[in-house]
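Asker: Input structure: protein_4.txt, which contains compact mmCIF, C-alpha atoms.
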# COMPACT_ATOMS: atom_id res chain seq x y z
CA MET H 89 14.89 5.72 15.93
CA ARG H 90 12.75 7.84 13.68
CA ALA H 91 9.67 6.29 12.05
CA LYS H 92 9.63 6.69 8.30
CA GLY H 93 6.78 6.70 5.83
CA LYS H 94 6.55 4.01 3.19
CA PRO H 95 8.67 4.94 0.15
CA GLY H 96 7.54 4.61 -3.41
CA LEU H 97 3.75 4.68 -3.16
CA PRO H 98 3.28 8.21 -4.59
CA GLY H 99 5.25 7.16 -7.66
CA GLN H 100 3.26 3.96 -8.22
CA PRO H 101 -0.25 5.04 -9.23
CA GLY H 102 -1.35 1.55 -10.21
CA ARG H 103 -0.45 0.14 -6.81
CA THR H 104 -2.10 3.07 -5.07
CA ARG H 105 -5.35 2.62 -7.01
CA ARG H 106 -5.36 -1.11 -6.21
CA LYS H 107 -4.77 -0.39 -2.52
CA ARG H 108 -7.65 2.08 -2.45
CA THR H 109 -9.95 -0.34 -4.26
CA LEU H 110 -9.21 -3.10 -1.76
CA TRP H 111 -9.60 -0.65 1.10
CA ALA H 112 -13.08 0.13 -0.23
CA VAL H 113 -13.85 -3.58 -0.06
CA ALA H 114 -12.59 -3.70 3.52
CA CYS H 115 -14.75 -0.74 4.47
CA ALA H 116 -17.78 -2.34 2.80
CA VAL H 117 -17.31 -5.49 4.84
CA ALA H 118 -16.61 -3.54 8.00
CA LEU H 119 -19.76 -1.50 7.60
CA GLY H 120 -21.85 -4.53 6.67
CA ALA H 121 -22.38 -3.28 3.13
CA ALA H 122 -21.45 -6.49 1.33
CA SER H 123 -24.67 -7.60 -0.32
CA THR H 124 -26.19 -8.40 -3.68
CA ALA H 125 -29.09 -6.81 -5.52
CA PRO H 126 -31.46 -9.83 -5.47
CA VAL H 127 -31.24 -9.97 -1.66
CA ALA H 128 -33.73 -7.14 -1.16
CA ALA H 129 -36.45 -9.06 -2.97
CA GLN H 130 -36.04 -12.22 -0.92
CA PRO H 131 -37.86 -13.05 2.33
CA GLN H 132 -36.25 -11.49 5.36
CA ARG H 133 -34.60 -14.64 6.71
CA THR H 134 -33.25 -15.68 3.32
CA ALA H 135 -32.03 -12.14 2.73
CA ALA H 136 -30.16 -12.13 6.03
CA ARG H 137 -28.50 -15.44 5.21
CA ALA H 138 -27.55 -14.26 1.73
CA ALA H 139 -26.11 -11.02 3.08
CA ALA H 140 -24.09 -12.92 5.68
CA ALA H 141 -22.78 -15.31 3.02
CA ALA H 142 -21.80 -12.40 0.75
CA GLN H 143 -20.05 -10.70 3.63
CA THR H 144 -18.16 -13.89 4.52
CA ALA H 145 -17.09 -14.35 0.90
CA ALA H 146 -15.72 -10.81 0.81
CA ARG H 147 -13.58 -11.19 3.94
CA PRO H 148 -10.46 -12.57 2.22
CA ALA H 149 -10.37 -9.48 -0.02
CA ALA H 150 -11.01 -7.26 2.99
CA VAL H 151 -8.10 -8.77 4.92
CA ALA H 152 -5.92 -8.48 1.81
CA ALA H 153 -6.80 -4.80 1.65
CA LEU H 154 -5.27 -4.31 5.05
CA ARG H 155 -2.16 -6.40 4.45
CA GLY H 156 -0.43 -3.36 3.01
CA GLY H 157 -0.24 -2.48 6.69
CA TRP H 158 -0.34 0.81 8.47
CA ASP H 159 1.09 3.85 6.70
CA LEU H 160 3.91 5.04 8.97
CA LYS H 161 4.23 8.75 9.59
CA ASP H 162 7.44 10.59 10.41
CA SER H 163 6.99 11.74 14.00
CA ASP H 164 10.61 12.94 14.44
CA SER H 165 10.49 11.37 17.91
CA ASP H 166 11.85 8.28 19.64
CA ALA H 167 9.26 8.32 22.46
CA ARG H 168 7.07 5.31 23.16
CA PHE H 169 3.49 6.41 22.59
CA ARG H 170 0.90 4.55 24.66
CA GLY H 171 -1.59 7.42 24.67
CA LEU H 172 -3.54 8.14 21.47
CA ALA H 173 -6.63 10.24 20.69
CA ALA H 174 -8.03 10.15 17.15
CA VAL H 175 -10.10 13.27 16.51
CA SER H 176 -10.47 12.74 12.74
CA ARG H 177 -8.54 11.35 9.80
CA HIS H 178 -6.67 14.67 9.79
CA THR H 179 -6.26 15.42 13.51
CA ALA H 180 -4.76 13.18 16.20
CA TRP H 181 -2.84 13.47 19.46
CA VAL H 182 -0.26 11.07 20.90
CA ALA H 183 1.37 11.01 24.34
CA GLY H 184 4.30 9.00 25.65
CA THR H 185 7.61 8.76 27.42
CA GLY H 186 9.74 11.76 28.26
CA GLY H 187 6.62 13.84 28.86
CA THR H 188 6.04 13.91 25.10
CA VAL H 189 2.80 15.10 23.48
CA LEU H 190 2.51 15.50 19.71
CA ARG H 191 -0.37 16.72 17.56
CA THR H 192 -1.10 16.63 13.83
CA ARG H 193 -3.75 18.51 11.86
CA ASP H 194 -2.78 17.34 8.37
CA GLY H 195 -3.21 13.59 8.51
CA GLY H 196 0.19 12.91 10.04
CA ASP H 197 2.35 14.62 7.43
CA HIS H 198 3.60 16.97 10.12
CA TRP H 199 3.64 16.61 13.90
CA ARG H 200 3.95 19.50 16.31
CA ASP H 201 5.64 18.95 19.66
CA VAL H 202 3.19 20.41 22.17
CA SER H 203 4.62 18.76 25.29
CA PRO H 204 3.87 20.41 28.65
CA PRO H 205 6.89 22.37 29.88
CA GLY H 206 8.87 20.68 32.63
CA ALA H 207 7.25 17.26 32.07
CA GLY H 208 10.35 15.56 30.69
CA LYS H 209 10.56 13.03 33.53
CA LEU H 210 6.92 11.98 33.26
CA ASP H 211 5.50 9.00 31.36
CA PHE H 212 2.23 9.90 29.65
CA ARG H 213 0.09 6.77 29.25
CA ASP H 214 -3.25 8.22 28.15
CA ILE H 215 -4.64 11.23 26.34
CA GLU H 216 -8.23 12.20 25.65
CA ALA H 217 -8.91 14.93 23.07
CA PHE H 218 -12.18 16.71 22.43
CA ASP H 219 -10.98 18.47 19.26
CA ALA H 220 -7.80 19.99 17.79
CA ARG H 221 -7.44 22.46 20.66
CA ARG H 222 -8.73 20.75 23.82
CA ALA H 223 -7.06 17.71 25.35
CA VAL H 224 -6.36 16.09 28.72
CA VAL H 225 -3.25 13.96 29.29
CA LEU H 226 -2.49 11.51 32.11
CA ALA H 227 0.96 10.66 33.43
CA ALA H 228 1.23 7.27 35.14
CA GLY H 229 3.54 6.36 37.98
CA GLU H 230 3.87 6.01 41.72
CA GLY H 231 3.01 8.92 43.96
CA GLU H 232 3.52 12.34 42.41
CA ALA H 233 4.51 10.80 39.08
CA SER H 234 0.76 10.38 38.46
CA ARG H 235 -0.52 13.72 37.18
CA VAL H 236 -3.12 15.22 34.85
CA PHE H 237 -2.68 18.20 32.52
CA ARG H 238 -5.20 20.04 30.34
CA THR H 239 -4.83 22.36 27.34
CA ASP H 240 -7.42 24.58 25.65
CA ASP H 241 -5.18 26.06 22.97
CA GLY H 242 -3.76 23.09 21.09
CA GLY H 243 -0.92 22.53 23.52
CA ALA H 244 0.50 26.05 23.44
CA THR H 245 -0.10 26.15 27.19
CA TRP H 246 -0.97 23.49 29.75
CA THR H 247 -2.40 23.56 33.25
CA GLU H 248 -1.59 20.85 35.77
CA SER H 249 -5.02 19.99 37.19
CA PHE H 250 -4.16 17.00 39.39
CA ARG H 251 -1.09 15.66 41.17
CA ASN H 252 -1.36 12.44 43.17
CA THR H 253 -0.02 12.83 46.71
CA ASP H 254 -0.65 9.27 47.91
CA PRO H 255 2.59 7.26 47.48
CA ARG H 256 0.53 4.05 47.33
CA ALA H 257 -1.51 5.13 44.31
CA PHE H 258 -0.55 4.51 40.68
CA TYR H 259 -2.89 5.92 38.02
CA ASP H 260 -3.25 3.92 34.81
CA CYS H 261 -5.77 5.44 32.41
CA MET H 262 -8.81 7.69 32.03
CA THR H 263 -11.96 8.13 29.96
CA PHE H 264 -14.48 10.87 29.25
CA PHE H 265 -18.24 10.50 28.83
CA ASP H 266 -18.52 13.94 27.22
CA SER H 267 -16.46 17.12 27.17
CA SER H 268 -17.20 17.75 30.86
CA HIS H 269 -17.48 14.44 32.71
CA GLY H 270 -14.61 11.99 33.01
CA ILE H 271 -12.94 9.52 35.36
CA ALA H 272 -9.44 8.14 35.88
CA LEU H 273 -8.40 4.81 37.39
CA ALA H 274 -5.69 3.95 39.92
CA ASP H 275 -4.50 0.52 41.03
CA PRO H 276 -5.87 -0.77 44.35
CA VAL H 277 -5.12 1.15 47.54
CA ASP H 278 -6.13 -0.61 50.76
CA GLY H 279 -7.71 -3.36 48.67
CA ALA H 280 -9.91 -1.15 46.48
CA TYR H 281 -9.41 0.46 43.07
CA ARG H 282 -9.40 4.24 43.22
CA ILE H 283 -11.53 6.39 40.90
CA LEU H 284 -10.79 10.04 40.19
CA SER H 285 -13.66 12.15 38.82
CA THR H 286 -14.05 15.46 36.98
CA VAL H 287 -17.19 17.37 36.02
CA ASP H 288 -15.52 20.32 34.28
CA GLY H 289 -13.50 18.74 31.49
CA GLY H 290 -10.48 17.86 33.59
CA ARG H 291 -9.87 21.25 35.15
CA ASN H 292 -10.57 19.89 38.63
CA TRP H 293 -10.61 16.36 40.04
CA ARG H 294 -11.75 14.58 43.21
CA VAL H 295 -11.33 11.02 44.47
CA LEU H 296 -14.66 9.18 44.67
CA PRO H 297 -15.66 7.14 47.74
CA THR H 298 -14.78 3.44 47.46
CA ARG H 299 -17.89 2.04 49.11
CA GLY H 300 -19.33 1.08 45.70
CA MET H 301 -16.14 -0.71 44.58
CA PRO H 302 -15.83 -4.52 44.87
CA PRO H 303 -12.66 -5.64 46.66
CA ALA H 304 -9.58 -6.27 44.55
CA GLN H 305 -8.09 -9.74 44.29
CA PRO H 306 -4.65 -10.32 45.81
CA GLY H 307 -2.04 -9.16 43.31
CA GLU H 308 -4.63 -7.60 40.98
CA ALA H 309 -3.98 -4.41 39.01
CA SER H 310 -4.79 -2.68 35.76
CA PHE H 311 -2.32 -2.21 32.92
CA ALA H 312 -1.23 1.25 31.75
CA ALA H 313 -0.28 -0.18 28.36
CA SER H 314 -2.56 1.55 25.87
CA GLY H 315 -4.84 4.04 27.61
CA GLN H 316 -7.64 1.47 27.21
CA CYS H 317 -7.79 -0.29 30.56
CA LEU H 318 -10.65 2.12 31.39
CA VAL H 319 -13.25 2.94 28.70
CA SER H 320 -16.75 4.37 28.45
CA SER H 321 -19.76 4.43 26.14
CA GLY H 322 -22.55 6.96 26.26
CA ASP H 323 -23.23 9.36 29.09
CA HIS H 324 -22.80 7.12 32.15
CA ASP H 325 -21.43 3.62 31.40
CA ALA H 326 -17.80 2.73 32.11
CA TRP H 327 -15.70 -0.43 32.29
CA PHE H 328 -12.17 -1.25 33.42
CA ALA H 329 -10.03 -4.36 32.98
CA THR H 330 -7.65 -6.17 35.30
CA GLY H 331 -4.95 -8.81 35.42
CA GLY H 332 -2.12 -10.06 37.56
CA ALA H 333 -4.35 -12.03 39.94
CA ALA H 334 -5.84 -15.51 39.76
CA ARG H 335 -8.53 -14.35 37.31
CA SER H 336 -8.74 -11.51 34.84
CA ARG H 337 -11.82 -9.40 35.42
CA VAL H 338 -13.88 -6.54 34.00
CA LEU H 339 -15.69 -4.13 36.32
CA TYR H 340 -18.70 -2.14 35.11
CA SER H 341 -20.20 1.13 36.37
CA PRO H 342 -23.61 2.48 35.25
CA ASP H 343 -23.17 5.79 37.07
CA ARG H 344 -19.84 7.35 36.09
CA GLY H 345 -17.75 5.43 38.57
CA ARG H 346 -19.78 5.63 41.76
CA SER H 347 -20.75 1.95 41.89
CA TRP H 348 -19.34 -1.14 40.21
CA THR H 349 -20.16 -4.77 39.48
CA VAL H 350 -17.60 -7.37 38.47
CA SER H 351 -17.35 -10.29 36.03
CA GLN H 352 -14.60 -12.76 35.15
CA THR H 353 -13.16 -13.16 31.66
CA PRO H 354 -11.60 -16.21 29.98
CA VAL H 355 -8.39 -14.30 29.20
CA PRO H 356 -5.69 -16.07 31.27
CA ALA H 357 -4.18 -14.26 34.26
CA GLY H 358 -2.47 -15.79 37.29
CA ASP H 359 0.75 -13.85 36.74
CA PRO H 360 1.70 -10.14 37.06
CA ALA H 361 2.30 -10.02 33.29
CA ARG H 362 -1.01 -11.57 32.20
CA GLY H 363 -4.60 -10.43 31.96
CA VAL H 364 -6.86 -8.08 30.03
CA PHE H 365 -4.96 -5.03 28.81
CA GLY H 366 -7.48 -3.23 26.58
CA LEU H 367 -11.25 -2.83 26.24
CA ALA H 368 -13.59 -1.34 23.65
CA PHE H 369 -17.38 -0.93 23.81
CA ARG H 370 -19.29 0.26 20.74
CA ASP H 371 -22.41 0.79 22.87
CA ARG H 372 -23.50 -0.16 26.38
CA THR H 373 -23.97 -3.82 25.32
CA HIS H 374 -21.23 -4.97 22.93
CA GLY H 375 -17.67 -5.15 24.19
CA LEU H 376 -14.24 -6.47 23.24
CA ALA H 377 -11.36 -7.43 25.52
CA VAL H 378 -7.77 -8.13 24.46
CA GLY H 379 -4.64 -9.02 26.39
CA GLY H 380 -2.42 -12.00 27.08
CA ASP H 381 1.15 -12.11 28.41
CA HIS H 382 3.14 -8.98 27.59
CA ARG H 383 6.55 -10.60 28.04
CA THR H 384 8.49 -11.04 24.82
CA GLY H 385 8.24 -14.55 23.42
CA LYS H 386 5.64 -15.76 25.90
CA PRO H 387 2.53 -17.49 24.49
CA SER H 388 -0.83 -15.75 24.86
CA PRO H 389 -3.63 -18.28 24.35
CA MET H 390 -7.21 -17.00 24.51
CA ALA H 391 -5.95 -13.43 24.25
CA ALA H 392 -9.36 -12.00 23.31
CA ALA H 393 -12.96 -12.20 24.50
CA VAL H 394 -16.34 -10.71 23.60
CA SER H 395 -19.38 -9.60 25.58
CA ALA H 396 -22.94 -9.12 24.34
CA ASP H 397 -24.47 -8.13 27.68
CA GLY H 398 -22.57 -5.05 28.73
CA GLY H 399 -19.70 -6.95 30.29
CA ALA H 400 -21.81 -9.07 32.63
CA SER H 401 -20.35 -12.16 30.95
CA TRP H 402 -17.52 -12.85 28.52
CA GLN H 403 -16.86 -15.56 25.94
CA ALA H 404 -13.45 -16.45 24.53
CA SER H 405 -12.90 -15.58 20.88
CA VAL H 406 -13.13 -18.60 18.60
CA ARG H 407 -10.05 -17.41 16.73
CA PRO H 408 -8.14 -14.96 18.96
CA PRO H 409 -5.00 -13.06 17.96
CA LYS H 410 -2.02 -15.38 18.15
CA ARG H 411 0.00 -13.05 20.37
CA TYR H 412 -0.47 -10.51 23.14
CA ARG H 413 -2.52 -7.46 22.19
CA SER H 414 -2.68 -4.26 24.24
CA GLY H 415 -5.03 -2.00 22.24
CA VAL H 416 -8.42 -2.47 20.58
CA THR H 417 -11.01 -0.24 18.91
CA TRP H 418 -14.25 -0.62 17.00
CA PHE H 419 -14.40 0.51 13.40
CA PRO H 420 -16.73 3.54 13.26
CA ARG H 421 -20.33 2.97 12.20
CA SER H 422 -19.76 -0.79 12.16
CA THR H 423 -21.48 -3.33 14.36
CA ARG H 424 -18.93 -6.08 13.66
CA ALA H 425 -15.53 -4.75 12.58
CA ALA H 426 -12.68 -3.84 14.95
CA LEU H 427 -8.89 -3.53 15.10
CA ALA H 428 -6.43 -4.81 17.71
CA VAL H 429 -2.71 -4.04 18.06
CA GLY H 430 0.31 -5.12 20.05
CA PRO H 431 4.12 -5.16 19.86
CA THR H 432 4.07 -8.09 17.42
CA GLY H 433 1.38 -6.93 15.01
CA SER H 434 -2.19 -5.95 14.22
CA ASP H 435 -5.40 -7.91 13.70
CA VAL H 436 -8.86 -7.23 12.31
CA THR H 437 -12.22 -8.83 13.04
CA PHE H 438 -15.33 -8.72 10.88
CA ASP H 439 -17.65 -10.66 13.20
CA GLY H 440 -17.64 -8.66 16.40
CA GLY H 441 -14.47 -10.17 17.87
CA ARG H 442 -15.18 -13.88 17.47
CA ARG H 443 -12.47 -14.35 14.82
CA TRP H 444 -9.35 -12.22 14.36
CA TYR H 445 -7.09 -12.08 11.28
CA ALA H 446 -3.53 -10.73 11.26
CA PHE H 447 -2.78 -8.04 8.66
CA ASP H 448 0.42 -6.31 9.83
CA ASP H 449 3.50 -7.28 11.88
CA GLY H 450 4.62 -3.81 12.99
CA SER H 451 4.90 -2.89 16.67
CA TYR H 452 2.09 -0.76 18.13
CA ASP H 453 0.76 -0.31 21.66
CA THR H 454 -2.49 1.53 21.09
CA VAL H 455 -5.12 2.11 18.39
CA ASP H 456 -8.06 4.47 17.98
CA CYS H 457 -10.58 5.32 15.26
CA ALA H 458 -12.30 8.68 14.82
CA PRO H 459 -15.98 8.99 13.82
CA ASP H 460 -14.99 9.77 10.20
CA ALA H 461 -13.14 6.40 9.95
CA GLY H 462 -9.71 7.90 10.52
CA CYS H 463 -7.91 5.02 12.26
CA TRP H 464 -4.54 5.59 13.96
CA ALA H 465 -2.00 3.45 15.81
CA ALA H 466 1.05 4.38 17.91
CA GLY H 467 3.83 2.64 19.80
CA GLU H 468 7.54 2.39 20.49
CA ASP H 469 10.39 4.32 18.84
CA GLY H 470 8.11 7.15 17.81
CA ARG H 471 5.91 4.92 15.63
CA ILE H 472 2.66 6.57 14.54
CA ALA H 473 0.61 5.30 11.62
CA ARG H 474 -2.74 5.73 9.92
CA LEU H 475 -4.82 3.40 7.78
CA GLU H 476 -5.03 5.30 4.54
CA PRO H 477 -8.41 5.69 2.78
Write the structure described by the file as structure tokens, please.

Answerer:
Amino acid sequence: MRAKGKPGLPGQPGRTRRKRTLWAVACAVALGAASTAPVAAQPQRTAARAAAAAQTAARPAAVAALRGGWDLKDSDSDARFRGLAAVSRHTAWVAGTGGTVLRTRDGGDHWRDVSPPGAGKLDFRDIEAFDARRAVVLAAGEGEASRVFRTDDGGATWTESFRNTDPRAFYDCMTFFDSSHGIALADPVDGAYRILSTVDGGRNWRVLPTRGMPPAQPGEASFAASGQCLVSSGDHDAWFATGGAARSRVLYSPDRGRSWTVSQTPVPAGDPARGVFGLAFRDRTHGLAVGGDHRTGKPSPMAAAVSADGGASWQASVRPPKRYRSGVTWFPRSTRAALAVGPTGSDVTFDGGRRWYAFDDGSYDTVDCAPDAGCWAAGEDGRIARLEP
């Protein structure tokens, strides 16, 4: 099924202006800009309280701004896209089933099929892009189905830089600290998660020793649902999320995957379909976790959690999303606003993940925002969308 853009908006200038006005309100709240002129003249504590009150009062309008939903783009594809890399509001990459990789450079109006040749049987679950020309894509699966490809020319050509030869390993997702250093994550082998490392932008990879990895719980694994089970912030810090076992956990590395510490989260697990599916850290301290039960129709209580100490501890969201969510991202330049998506809809938070508000009921698996506030989402049946400015 082909995803279609929303009809009618170009011919309704009044509605478009109203949507853009409300979007400006949402951005103001997201960036913490909701304030009043007299605040600056008040004592610091009073000013902080007044600013917080003004921001709280503006939230209903901010949520309303988003209730127009994502603006669907015509991808001319029926692939399920779980890999997404937002470069800017104009440029984005998606990766999915059937070995499919698409790229846009005009805000999603047109998508170019830049899939690696001969990859039609692979399932791409993650993609990391450095710009419009350089990207690394990860295929997930058992044994040799887990592979990594890199392009330096916008997808015109690809080089296979890694092929898993261990039939017990299943790679889920990857992250990059900069354009050279990155790691990828595989489910436990012999009781320990496996970390793959690159120091040359994904051209070459090596498996790291597991001596710094805490043992996995029985039945524990990570979820290749959104490309966000493994994330990073800054030059060295990385985190990955788990589920399927008695407790959902987040593991943290301060040294690009060489050593790890572990913490439990309040997101329910205890079943192969439940746990933490996606993470986002806006710096080395503040993190978000989303998940739940991915089975259709199953309840997902406490499907989100927040951390203010780099993932050492997690607190359940006061108002979590009502259903399972697989992807999450911080709004650029904001200390409190973020987006979460899943097959049953999208949510926004304006208080750092403590409270989430639904604004769209479309199906998406993954979400990502670029530094210029270009926010994208992607999912099943070729669905790709952008929040329009």

Asker: Would you compute the distance between atom CA of Arg474 of chain H and atom CA of Gly157 of chain H? Give it in Å to one decimal.

Answerer: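 Computing the Euclidean distance for atom CA of Arg474 of chain H and atom CA of Gly157 of chain H yields 9.2 Å.
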
Asker: For Glu232 of chain H, please output as an MDAnalysis selection string all residues within 10 Å (counting all atoms listed in the file; exclusion window: fewer than 2 positions along the same chain).

Answerer: chainID H and resid 210 227:230 234:235 250:255 257:258

Asker: Given the choices H:Ala428, H:Val455, H:Val364, H:Cys317, which gets closest to Arg335 of chain H if the distance is worked out from all atoms listed in the file?

Answerer: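 For Arg335 of chain H, the nearest of the given residues is H:Val364.
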
Asker: Give the answer as one residue: which of H:Pro459, H:Gly290, H:Pro204, H:Gly332 has the shortest atom-to-atom distance to His382 of chain H, using only C-alpha atoms?

Answerer: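 Selected residue with least distance to His382 of chain H: H:Gly332.
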
Asker: Could you check how far atom CA of Gly433 of chain H sits from atom CA of Pro387 of chain H, in Å to one decimal?

Answerer: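 Pair atom CA of Gly433 of chain H / atom CA of Pro387 of chain H returns 14.2 Å.
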
Asker: Compile the contact shell of Gly399 of chain H as a PyMOL selection string: residues with an atom at most 8 Å away, counting all atoms listed in the file, same-chain residues fewer than 5 positions apart removed.

Answerer: chain H and resi 327+338-340+351+373-375

Asker: Select, from H:Gly196, H:Gly206, H:Gly289, H:Gly440, the residue with the minimum atom-to-atom distance to Thr423 of chain H, counting only C-alpha atoms.

Answerer: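 Of the candidates, the smallest distance to Thr423 of chain H is held by H:Gly440.
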
Asker: Extract, using all atoms listed in the file, all DNA, RNA and protein residues at most 7 Å from Val287 of chain H, discarding same-chain residues fewer than 5 positions from it, and format them as a list in words.

Answerer: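 So the residues in contact are Ser268, His269 and Gly270 of chain H.
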
Asker: Give me the residues near Ala368 of chain H as a ChimeraX atom specification, where near means some atom within 8 Å (using all atoms listed in the file) and where sequence neighbours in that chain fewer than 4 positions away do not count.

Answerer: /H:316,319,375-377,416-418

Asker: Skip Ser176 of chain H itself and residues of its chain fewer than 3 positions away, then list as a PyMOL selection string all residues within 7 Å of it, counting only C-alpha atoms.

Answerer: chain H and resi 179-180+458-460+462

Asker: Taking all atoms listed in the file into account, which of H:Asp214, H:Asp435, H:Asp456, H:Glu476 comes nearest Pro408 of chain H?

Answerer: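 So, comparing all the options, the nearest one is H:Asp435.
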
Asker: With distances taken over all atoms listed in the file, which of H:Ala446, H:Ala304, H:Leu284, H:Val378 is nearest to Ser414 of chain H?

Answerer: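 Going through H:Ala446, H:Ala304, H:Leu284, H:Val378 one by one, the smallest distance to Ser414 of chain H is for H:Val378.
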
Asker: What does the structure give for the distance between atom CA of Ile472 of chain H and atom CA of Thr384 of chain H, in Å to one decimal?

Answerer: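 About the pair atom CA of Ile472 of chain H and atom CA of Thr384 of chain H: they are 21.2 Å apart.
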
Asker: Taking all atoms listed in the file into account, which of H:Val202, H:Ala473, H:Val295, H:Val236 comes nearest Ser434 of chain H?

Answerer: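 Under the stated criterion, the closest residue is H:Ala473.
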
Asker: Select, counting only C-alpha atoms, all protein, DNA and RNA residues no farther than 7 Å from (3.8, -6.9, 11.7) in file coordinates, and express the selection as a list in words.

Answerer: Thr432, Gly433, Ser434, Asp448, Asp449, Gly450 and Ser451 of chain H

Asker: Working from the structure I just supplied, which lacks atoms in segment 448-463 of chain H, can you model N, CA and C atoms there and output them as a PDB file, keeping the file's coordinate frame?

Answerer:
ATOM      1  N   ASP H 448      -0.783  -7.117   9.778  1.00  0.00           N
ATOM      2  CA  ASP H 448       0.420  -6.310   9.830  1.00  0.00           C
ATOM      3  C   ASP H 448       1.279  -6.830  10.978  1.00  0.00           C
ATOM      4  N   ASP H 449       2.620  -6.772  10.828  1.00  0.00           N
ATOM      5  CA  ASP H 449       3.500  -7.280  11.880  1.00  0.00           C
ATOM      6  C   ASP H 449       4.313  -6.174  12.553  1.00  0.00           C
ATOM      7  N   GLY H 450       3.933  -4.909  12.346  1.00  0.00           N
ATOM      8  CA  GLY H 450       4.620  -3.810  12.990  1.00  0.00           C
ATOM      9  C   GLY H 450       4.249  -3.686  14.458  1.00  0.00           C
ATOM     10  N   SER H 451       5.092  -3.024  15.227  1.00  0.00           N
ATOM     11  CA  SER H 451       4.900  -2.890  16.670  1.00  0.00           C
ATOM     12  C   SER H 451       4.094  -1.643  16.997  1.00  0.00           C
ATOM     13  N   TYR H 452       2.932  -1.866  17.644  1.00  0.00           N
ATOM     14  CA  TYR H 452       2.090  -0.760  18.130  1.00  0.00           C
ATOM     15  C   TYR H 452       1.534  -1.128  19.498  1.00  0.00           C
ATOM     16  N   ASP H 453       1.316  -0.109  20.327  1.00  0.00           N
ATOM     17  CA  ASP H 453       0.760  -0.310  21.660  1.00  0.00           C
ATOM     18  C   ASP H 453      -0.702   0.067  21.765  1.00  0.00           C
ATOM     19  N   THR H 454      -1.145   1.007  20.949  1.00  0.00           N
ATOM     20  CA  THR H 454      -2.490   1.530  21.090  1.00  0.00           C
ATOM     21  C   THR H 454      -3.080   1.865  19.729  1.00  0.00           C
ATOM     22  N   VAL H 455      -4.407   1.875  19.647  1.00  0.00           N
ATOM     23  CA  VAL H 455      -5.120   2.110  18.390  1.00  0.00           C
ATOM     24  C   VAL H 455      -6.407   2.840  18.687  1.00  0.00           C
ATOM     25  N   ASP H 456      -6.828   3.712  17.767  1.00  0.00           N
ATOM     26  CA  ASP H 456      -8.060   4.470  17.980  1.00  0.00           C
ATOM     27  C   ASP H 456      -8.598   4.903  16.622  1.00  0.00           C
ATOM     28  N   CYS H 457      -9.923   4.879  16.490  1.00  0.00           N
ATOM     29  CA  CYS H 457     -10.580   5.320  15.260  1.00  0.00           C
ATOM     30  C   CYS H 457     -11.486   6.498  15.555  1.00  0.00           C
ATOM     31  N   ALA H 458     -11.447   7.507  14.692  1.00  0.00           N
ATOM     32  CA  ALA H 458     -12.300   8.680  14.820  1.00  0.00           C
ATOM     33  C   ALA H 458     -13.644   8.402  14.145  1.00  0.00           C
ATOM     34  N   PRO H 459     -14.667   9.213  14.420  1.00  0.00           N
ATOM     35  CA  PRO H 459     -15.980   8.990  13.820  1.00  0.00           C
ATOM     36  C   PRO H 459     -15.982   9.012  12.289  1.00  0.00           C
ATOM     37  N   ASP H 460     -15.029   9.713  11.668  1.00  0.00           N
ATOM     38  CA  ASP H 460     -14.990   9.770  10.200  1.00  0.00           C
ATOM     39  C   ASP H 460     -14.154   8.643   9.600  1.00  0.00           C
ATOM     40  N   ALA H 461     -13.879   7.581  10.385  1.00  0.00           N
ATOM     41  CA  ALA H 461     -13.140   6.400   9.950  1.00  0.00           C
ATOM     42  C   ALA H 461     -11.646   6.658   9.802  1.00  0.00           C
ATOM     43  N   GLY H 462     -11.148   7.704  10.449  1.00  0.00           N
ATOM     44  CA  GLY H 462      -9.710   7.900  10.520  1.00  0.00           C
ATOM     45  C   GLY H 462      -9.144   7.046  11.638  1.00  0.00           C
ATOM     46  N   CYS H 463      -8.435   5.969  11.279  1.00  0.00           N
ATOM     47  CA  CYS H 463      -7.910   5.020  12.260  1.00  0.00           C
ATOM     48  C   CYS H 463      -6.406   5.202  12.402  1.00  0.00           C
TER      49      CYS H 463
END
